[in-house]
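Undergrad: You'll find work_3.cif just under this line, and it carries mmCIF, C-alpha atoms.
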data_run
loop_
_atom_site.label_atom_id
_atom_site.label_comp_id
_atom_site.auth_asym_id
_atom_site.auth_seq_id
_atom_site.Cartn_x
_atom_site.Cartn_y
_atom_site.Cartn_z
CA ARG A 1 -44.07 48.04 4.85
CA LYS A 2 -42.17 44.94 5.95
CA GLU A 3 -39.00 45.43 7.94
CA VAL A 4 -37.03 43.22 5.56
CA GLU A 5 -37.98 43.11 1.90
CA GLN A 6 -36.84 40.98 -0.98
CA ASP A 7 -37.87 40.60 -4.59
CA PRO A 8 -39.68 37.25 -4.58
CA GLY A 9 -38.55 36.43 -8.13
CA PRO A 10 -38.30 33.92 -9.60
CA PHE A 11 -35.00 34.79 -11.20
CA ASN A 12 -34.51 32.49 -14.17
CA VAL A 13 -30.82 32.35 -14.98
CA PRO A 14 -28.83 30.18 -17.40
CA GLU A 15 -26.19 27.93 -15.95
CA GLY A 16 -22.82 29.65 -15.75
CA ALA A 17 -24.24 33.15 -15.54
CA THR A 18 -23.77 35.63 -12.73
CA VAL A 19 -26.81 36.66 -10.74
CA ALA A 20 -27.27 39.18 -7.97
CA PHE A 21 -30.15 40.17 -5.77
CA ASN A 22 -30.69 42.59 -2.95
CA CYS A 23 -32.48 42.73 0.33
CA THR A 24 -33.54 46.02 1.92
CA TYR A 25 -34.12 46.61 5.61
CA SER A 26 -35.91 49.49 7.24
CA ASN A 27 -34.55 49.50 10.79
CA SER A 28 -31.30 51.43 10.92
CA ALA A 29 -30.50 49.79 14.26
CA SER A 30 -30.02 46.49 12.49
CA GLN A 31 -26.75 45.00 13.52
CA SER A 32 -26.14 41.64 11.93
CA PHE A 33 -27.01 40.20 8.58
CA PHE A 34 -27.05 36.76 7.06
CA TRP A 35 -28.02 34.98 3.90
CA TYR A 36 -29.76 31.64 4.26
CA ARG A 37 -30.62 29.20 1.54
CA GLN A 38 -33.80 27.15 1.59
CA ASP A 39 -34.53 24.30 -0.77
CA CYS A 40 -38.10 23.31 -1.47
CA ARG A 41 -39.70 21.69 1.58
CA LYS A 42 -36.44 21.86 3.51
CA GLU A 43 -35.27 23.92 6.44
CA PRO A 44 -33.26 27.13 5.96
CA LYS A 45 -29.52 26.63 6.01
CA LEU A 46 -26.94 29.30 6.65
CA LEU A 47 -25.18 30.34 3.47
CA MET A 48 -23.01 33.14 4.78
CA SER A 49 -22.79 35.98 7.23
CA VAL A 50 -22.57 39.49 5.82
CA TYR A 51 -19.80 41.69 7.18
CA SER A 52 -19.47 45.43 6.91
CA SER A 53 -16.41 45.05 4.72
CA GLY A 54 -18.12 42.55 2.48
CA ASN A 55 -17.13 38.95 2.26
CA GLU A 56 -16.61 36.25 -0.28
CA ASP A 57 -16.96 32.50 -0.08
CA GLY A 58 -16.08 30.76 -3.30
CA ARG A 59 -18.58 31.79 -5.95
CA PHE A 60 -20.66 33.77 -3.45
CA THR A 61 -20.10 37.39 -2.48
CA ALA A 62 -22.12 39.30 0.08
CA GLN A 63 -22.10 43.06 0.50
CA LEU A 64 -23.60 45.40 3.05
CA ASN A 65 -24.56 48.99 2.29
CA ARG A 66 -25.52 50.64 5.56
CA ALA A 67 -26.11 54.06 4.02
CA SER A 68 -28.77 52.69 1.69
CA GLN A 69 -29.80 49.93 4.07
CA TYR A 70 -29.48 46.93 1.86
CA ILE A 71 -27.46 43.77 1.57
CA SER A 72 -26.69 41.95 -1.62
CA LEU A 73 -25.76 38.46 -2.70
CA LEU A 74 -23.87 37.77 -5.90
CA ILE A 75 -23.43 34.29 -7.31
CA ARG A 76 -20.86 33.77 -10.04
CA ASP A 77 -20.66 30.83 -12.45
CA SER A 78 -24.08 29.64 -11.28
CA LYS A 79 -24.71 25.90 -11.01
CA LEU A 80 -27.94 23.97 -11.33
CA SER A 81 -27.59 23.13 -7.64
CA ASP A 82 -27.81 26.83 -6.78
CA SER A 83 -31.53 26.70 -7.53
CA ALA A 84 -33.22 27.51 -4.24
CA THR A 85 -34.85 30.33 -2.32
CA TYR A 86 -32.42 32.78 -0.76
CA LEU A 87 -33.56 34.34 2.49
CA CYS A 88 -32.17 37.52 3.89
CA VAL A 89 -31.98 37.75 7.68
CA VAL A 90 -31.43 40.79 9.87
CA ILE A 91 -30.78 40.97 13.60
CA ARG A 92 -31.67 44.20 15.35
CA TYR A 93 -28.94 45.61 17.56
CA SER A 94 -31.22 45.78 20.57
CA ASN A 95 -32.89 42.46 20.11
CA TYR A 96 -31.97 38.90 19.50
CA GLN A 97 -34.79 38.25 17.09
CA LEU A 98 -34.00 37.35 13.56
CA ILE A 99 -36.17 39.21 11.11
CA TRP A 100 -36.59 37.27 7.90
CA GLY A 101 -37.30 38.35 4.38
CA ALA A 102 -39.77 36.28 2.40
CA GLY A 103 -37.01 35.06 0.12
CA THR A 104 -35.94 35.34 -3.50
CA LYS A 105 -36.48 32.30 -5.64
CA LEU A 106 -33.62 31.45 -8.00
CA ILE A 107 -33.94 28.94 -10.82
CA ILE A 108 -30.81 27.96 -12.72
CA LYS A 109 -31.56 26.51 -16.14
CA PRO A 110 -29.27 24.25 -18.18
CA GLY B 1 -26.89 13.24 14.36
CA ALA B 2 -25.44 16.43 15.70
CA GLY B 3 -28.03 18.79 14.27
CA VAL B 4 -31.36 20.09 15.47
CA SER B 5 -33.93 17.32 15.46
CA GLN B 6 -37.67 17.87 15.18
CA SER B 7 -40.50 15.40 15.39
CA PRO B 8 -42.79 14.47 13.91
CA ARG B 9 -41.81 15.51 10.37
CA TYR B 10 -45.44 15.55 9.33
CA LYS B 11 -48.55 15.88 11.42
CA VAL B 12 -52.13 15.80 10.24
CA ALA B 13 -54.82 16.67 12.74
CA LYS B 14 -58.51 17.43 12.67
CA ARG B 15 -59.64 20.89 13.54
CA GLY B 16 -60.10 21.19 17.27
CA GLN B 17 -57.50 18.59 18.21
CA ASP B 18 -54.44 19.40 20.29
CA VAL B 19 -50.97 18.79 18.86
CA ALA B 20 -47.49 18.72 20.36
CA LEU B 21 -44.34 19.34 18.36
CA ARG B 22 -40.92 18.42 19.69
CA CYS B 23 -37.53 20.03 19.18
CA ASP B 24 -34.23 18.58 20.28
CA PRO B 25 -31.59 21.32 19.83
CA ILE B 26 -27.90 20.88 19.28
CA SER B 27 -26.37 19.72 22.53
CA GLY B 28 -25.17 22.60 24.67
CA HIS B 29 -26.96 25.30 22.71
CA VAL B 30 -28.30 27.95 25.03
CA SER B 31 -30.82 29.62 22.75
CA LEU B 32 -33.83 27.94 21.19
CA PHE B 33 -36.30 29.55 18.83
CA TRP B 34 -39.60 28.48 17.33
CA TYR B 35 -40.78 29.86 14.00
CA GLN B 36 -43.87 29.42 11.88
CA GLN B 37 -43.37 29.40 8.14
CA ALA B 38 -46.28 29.69 5.75
CA LEU B 39 -45.90 28.71 2.11
CA GLY B 40 -43.91 31.27 0.18
CA GLN B 41 -43.00 33.28 3.27
CA GLY B 42 -39.99 33.60 5.47
CA PRO B 43 -40.11 32.16 8.98
CA GLU B 44 -42.10 34.22 11.47
CA PHE B 45 -40.82 34.37 15.03
CA LEU B 46 -42.98 32.65 17.66
CA THR B 47 -40.98 32.37 20.86
CA TYR B 48 -37.47 32.29 22.31
CA PHE B 49 -35.87 30.38 25.18
CA GLN B 50 -32.57 31.02 26.84
CA ASN B 51 -31.90 27.75 28.62
CA GLU B 52 -35.18 26.95 30.38
CA ALA B 53 -36.38 30.54 30.55
CA GLN B 54 -38.91 31.69 27.98
CA LEU B 55 -37.69 35.22 27.44
CA ASP B 56 -40.02 36.19 24.64
CA LYS B 57 -43.33 34.76 23.55
CA SER B 58 -44.55 37.81 21.73
CA GLY B 59 -44.84 35.99 18.43
CA LEU B 60 -47.28 33.35 19.61
CA PRO B 61 -50.44 34.08 17.61
CA SER B 62 -52.93 33.22 20.34
CA ASP B 63 -53.29 31.72 23.77
CA ARG B 64 -53.85 28.38 22.08
CA PHE B 65 -50.09 28.25 21.52
CA PHE B 66 -47.85 27.22 24.37
CA ALA B 67 -44.16 26.36 24.47
CA GLU B 68 -41.92 24.99 27.15
CA ARG B 69 -38.33 23.93 27.65
CA PRO B 70 -38.35 22.67 31.23
CA GLU B 71 -34.78 21.41 31.48
CA GLY B 72 -33.15 23.81 29.08
CA SER B 73 -32.71 21.28 26.29
CA VAL B 74 -35.69 19.67 24.56
CA SER B 75 -38.59 21.99 23.81
CA THR B 76 -42.23 21.30 23.03
CA LEU B 77 -44.59 23.57 21.15
CA LYS B 78 -48.21 22.76 21.92
CA ILE B 79 -51.17 24.01 19.96
CA GLN B 80 -54.58 23.54 21.52
CA ARG B 81 -57.89 23.42 19.67
CA THR B 82 -56.15 23.63 16.33
CA GLN B 83 -57.60 25.76 13.55
CA GLN B 84 -57.03 25.54 9.80
CA GLU B 85 -54.95 28.69 9.86
CA ASP B 86 -52.46 26.85 12.08
CA SER B 87 -51.42 24.78 9.06
CA ALA B 88 -47.79 25.66 8.38
CA VAL B 89 -44.27 24.41 8.81
CA TYR B 90 -43.01 24.87 12.35
CA LEU B 91 -39.28 25.35 12.52
CA CYS B 92 -37.08 25.08 15.54
CA ALA B 93 -33.62 26.64 15.65
CA SER B 94 -30.84 26.80 18.19
CA SER B 95 -27.70 28.83 18.64
CA PRO B 96 -24.79 28.40 21.00
CA GLY B 97 -24.93 31.61 23.01
CA GLY B 98 -27.42 33.72 24.82
CA ALA B 99 -29.54 36.56 23.55
CA GLY B 100 -28.08 39.00 21.10
CA GLY B 101 -24.82 38.75 19.27
CA ASN B 102 -24.01 37.78 15.77
CA GLN B 103 -24.78 34.12 16.00
CA PRO B 104 -26.51 32.36 13.16
CA GLN B 105 -29.16 29.87 14.01
CA HIS B 106 -29.15 26.21 13.10
CA PHE B 107 -32.48 24.84 12.00
CA GLY B 108 -34.21 21.51 12.27
CA ASP B 109 -36.07 19.99 9.33
CA GLY B 110 -39.35 21.37 10.61
CA THR B 111 -42.71 19.82 11.31
CA ARG B 112 -45.26 20.23 8.54
CA LEU B 113 -48.62 20.59 10.25
CA SER B 114 -51.83 20.18 8.29
CA ILE B 115 -55.16 20.85 9.94
CA LEU B 116 -58.14 19.32 8.19
#
Let's see the structure in the file written out as structure tokens.

TA:
Amino acid sequence: RKEVEQDPGPFNVPEGATVAFNCTYSNSASQSFFWYRQDCRKEPKLLMSVYSSGNEDGRFTAQLNRASQYISLLIRDSKLSDSATYLCVVIRYSNYQLIWGAGTKLIIKP
Amino acid sequence: GAGVSQSPRYKVAKRGQDVALRCDPISGHVSLFWYQQALGQGPEFLTYFQNEAQLDKSGLPSDRFFAERPEGSVSTLKIQRTQQEDSAVYLCASSPGGAGGNQPQHFGDGTRLSIL
């Protein structure tokens, strides 16, 4: 079982809809969490950090559930430009390594 | 620009050739990481430098892979006697501080390596 798992999708969502997806992690010592966005044939770019209290940045909301060991990303009022692969990243407390999920592909349709 | 710069963007090599991939991190960034990303997968860790010190090379898939960062800034990833399975995108990332912490990494555009 991979340490960080994501539903690969694709999630096909109409423009304007709300979409959410989760990422589960298996190592309870995981300390820090991020969501990155990767467009086709481009490098990953940081979307947002995930804080224990949850955080919101415009249309994007990230949540952390330590008890169930998952993080979530919710996108409201989705735009065509939100189409991308969303990668979940976990940093272990005792290590600097970023552990990456394989990504969830999101396709926003007009 | 002010971001992480990688070169070349694309590299095609014949099996058995040696290749060298360059990463120029954000100025002043202490940490530098190399990742290998296969199609449809997340980046897989290869190696980590803190300044010029290579603190972790546990992700390097074989002894054909070698990385260096002699002056604590620019890094080179070298692959000797390339094999077809080396075909992937090689990503370099840097972050401001040292090991650990809650610091996101900033990525370069990657080098897309194709071994024929």

Undergrad: Contacts between chain B and chain A, please, where a residue of chain A counts if it comes within 7 Å (with only C-alpha atoms); show its shortest atom pair and distance in Å to one decimal, rows by chain and ascending number, as a Markdown table.

TA:
| residue | atom | partner | partner_atom | distance |
| --- | --- | --- | --- | --- |
| A:Ser32 | CA | B:Asn102 | CA | 5.8 |
| A:Lys42 | CA | B:Asp109 | CA | 6.1 |
| A:Glu43 | CA | B:Asp109 | CA | 4.9 |
| A:Pro44 | CA | B:Phe107 | CA | 6.5 |
| A:Lys45 | CA | B:Phe107 | CA | 6.9 |
| A:Asn95 | CA | B:Gly100 | CA | 6.0 |
| A:Tyr96 | CA | B:Gly100 | CA | 4.2 |
| A:Trp100 | CA | B:Gly42 | CA | 5.6 |
| A:Gly101 | CA | B:Gly42 | CA | 5.6 |
| A:Ala102 | CA | B:Gly42 | CA | 4.1 |
| A:Gly103 | CA | B:Gly42 | CA | 6.3 |

Undergrad: With only C-alpha atoms counted, which protein, DNA or RNA residues have an atom no more than 12 Å from (-30.0, 40.4, -1.2) in the file frame? Please answer as an NGL selection string.

TA: :A and (4-9 or 19-25 or 33-37 or 48-50 or 60-65 or 69-75 or 85-90 or 100-106)

Undergrad: Just the residues within 7 Å of segment 62-74 of chain B, please, counting all atoms listed in the file, with nothing from its chain fewer than 4 positions along; format it as a CSV table (one decimal) with C-alpha atoms, in the coordinates of the input.

TA:
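Writing done, so here's selection-v3.csv:
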chain,number,residue,atom,x,y,z
B,23,CYS,CA,-37.5,20.0,19.2
B,24,ASP,CA,-34.2,18.6,20.3
B,25,PRO,CA,-31.6,21.3,19.8
B,51,ASN,CA,-31.9,27.8,28.6
B,52,GLU,CA,-35.2,27.0,30.4
B,78,LYS,CA,-48.2,22.8,21.9
B,79,ILE,CA,-51.2,24.0,20.0
B,80,GLN,CA,-54.6,23.5,21.5
B,81,ARG,CA,-57.9,23.4,19.7

Undergrad: Find, counting all atoms listed in the file, the residue in B:Ser7, B:Asp86, B:Val19, B:Gly97 that gets nearest to Phe49 of chain B.

TA: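 Smallest distance to Phe49 of chain B is found for B:Gly97.
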
Undergrad: Record the distance separating atom CA of Glu85 of chain B and atom CA of Gln6 of chain B, expressed in Å with one decimal.

TA: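 We find that atom CA of Glu85 of chain B and atom CA of Gln6 of chain B lie 21.1 Å from each other.
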
Undergrad: With all atoms listed in the file as the basis for distance, which of A:Ile107, A:Asn27, A:Phe11, A:Arg41 is at the shortest distance from Ala88 of chain B?

TA: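 Ranked by minimum distance to Ala88 of chain B, first place goes to A:Arg41.
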
Undergrad: Nearest residue to Ser95 of chain B out of A:Leu98, A:Cys40, A:Leu47, A:Ala17, using all atoms listed in the file?

TA: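 Smallest distance to Ser95 of chain B is found for A:Leu98.
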
Undergrad: Go through B:Ala2, B:Ala13, B:Ala53, B:Pro8 one by one, measure the shortest atom-to-atom distance of each to Thr82 of chain B using all atoms listed in the file, and give the residue with the smallest value.

TA: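 The shortest atom-to-atom distance to Thr82 of chain B comes from B:Ala13.
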
Undergrad: With all atoms listed in the file as the atoms that count, which of B:Ile26, B:Leu32, B:Lys14, B:Gly3 lies nearest to Ser75 of chain B?

TA: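 Among B:Ile26, B:Leu32, B:Lys14, B:Gly3, it is B:Leu32 that comes nearest to Ser75 of chain B.
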
Undergrad: Enter the distance from atom CA of Val13 of chain A to atom CA of Asp39 of chain A, in Å, rounded to one decimal.

TA: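 Those two atoms sit 16.7 Å apart.
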
Undergrad: If you measure from atom CA of Ile99 of chain A to atom CA of Ser5 of chain B, what distance in Å do you get, rounded to one decimal?

TA: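 Separation of atom CA of Ile99 of chain A and atom CA of Ser5 of chain B: 22.4 Å.
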
Undergrad: So, with only C-alpha atoms as the atoms that count, which of B:Val30, B:Leu55, B:Val4, B:Ala20 lies closest to Thr76 of chain B?

TA: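 Going through B:Val30, B:Leu55, B:Val4, B:Ala20 one by one, the smallest distance to Thr76 of chain B is for B:Ala20.
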
Undergrad: Within 6 Å of Ser87 of chain B, counting all atoms listed in the file, which residues qualify if same-chain residues fewer than 4 places away don't, as a list in words?

TA: Leu113, Ser114 and Ile115 of chain B

Undergrad: List the neighbours of Pro14 of chain A out to 12 Å using all atoms listed in the file; skip same-chain residues closer than 4 positions along the sequence, and give me the result as an MDAnalysis selection string.

TA: chainID A and resid 18:19 76:80 82:83 106:110

Undergrad: Go ahead and write the selection's residues with C-alpha atoms as a short mmCIF file (atom, residue, chain, number, x, y, z; two decimals), in the coordinates of the input.

TA:
data_model
loop_
_atom_site.label_atom_id
_atom_site.label_comp_id
_atom_site.auth_asym_id
_atom_site.auth_seq_id
_atom_site.Cartn_x
_atom_site.Cartn_y
_atom_site.Cartn_z
CA THR A 18 -23.77 35.63 -12.73
CA VAL A 19 -26.81 36.66 -10.74
CA ARG A 76 -20.86 33.77 -10.04
CA ASP A 77 -20.66 30.83 -12.45
CA SER A 78 -24.08 29.64 -11.28
CA LYS A 79 -24.71 25.90 -11.01
CA LEU A 80 -27.94 23.97 -11.33
CA ASP A 82 -27.81 26.83 -6.78
CA SER A 83 -31.53 26.70 -7.53
CA LEU A 106 -33.62 31.45 -8.00
CA ILE A 107 -33.94 28.94 -10.82
CA ILE A 108 -30.81 27.96 -12.72
CA LYS A 109 -31.56 26.51 -16.14
CA PRO A 110 -29.27 24.25 -18.18
#
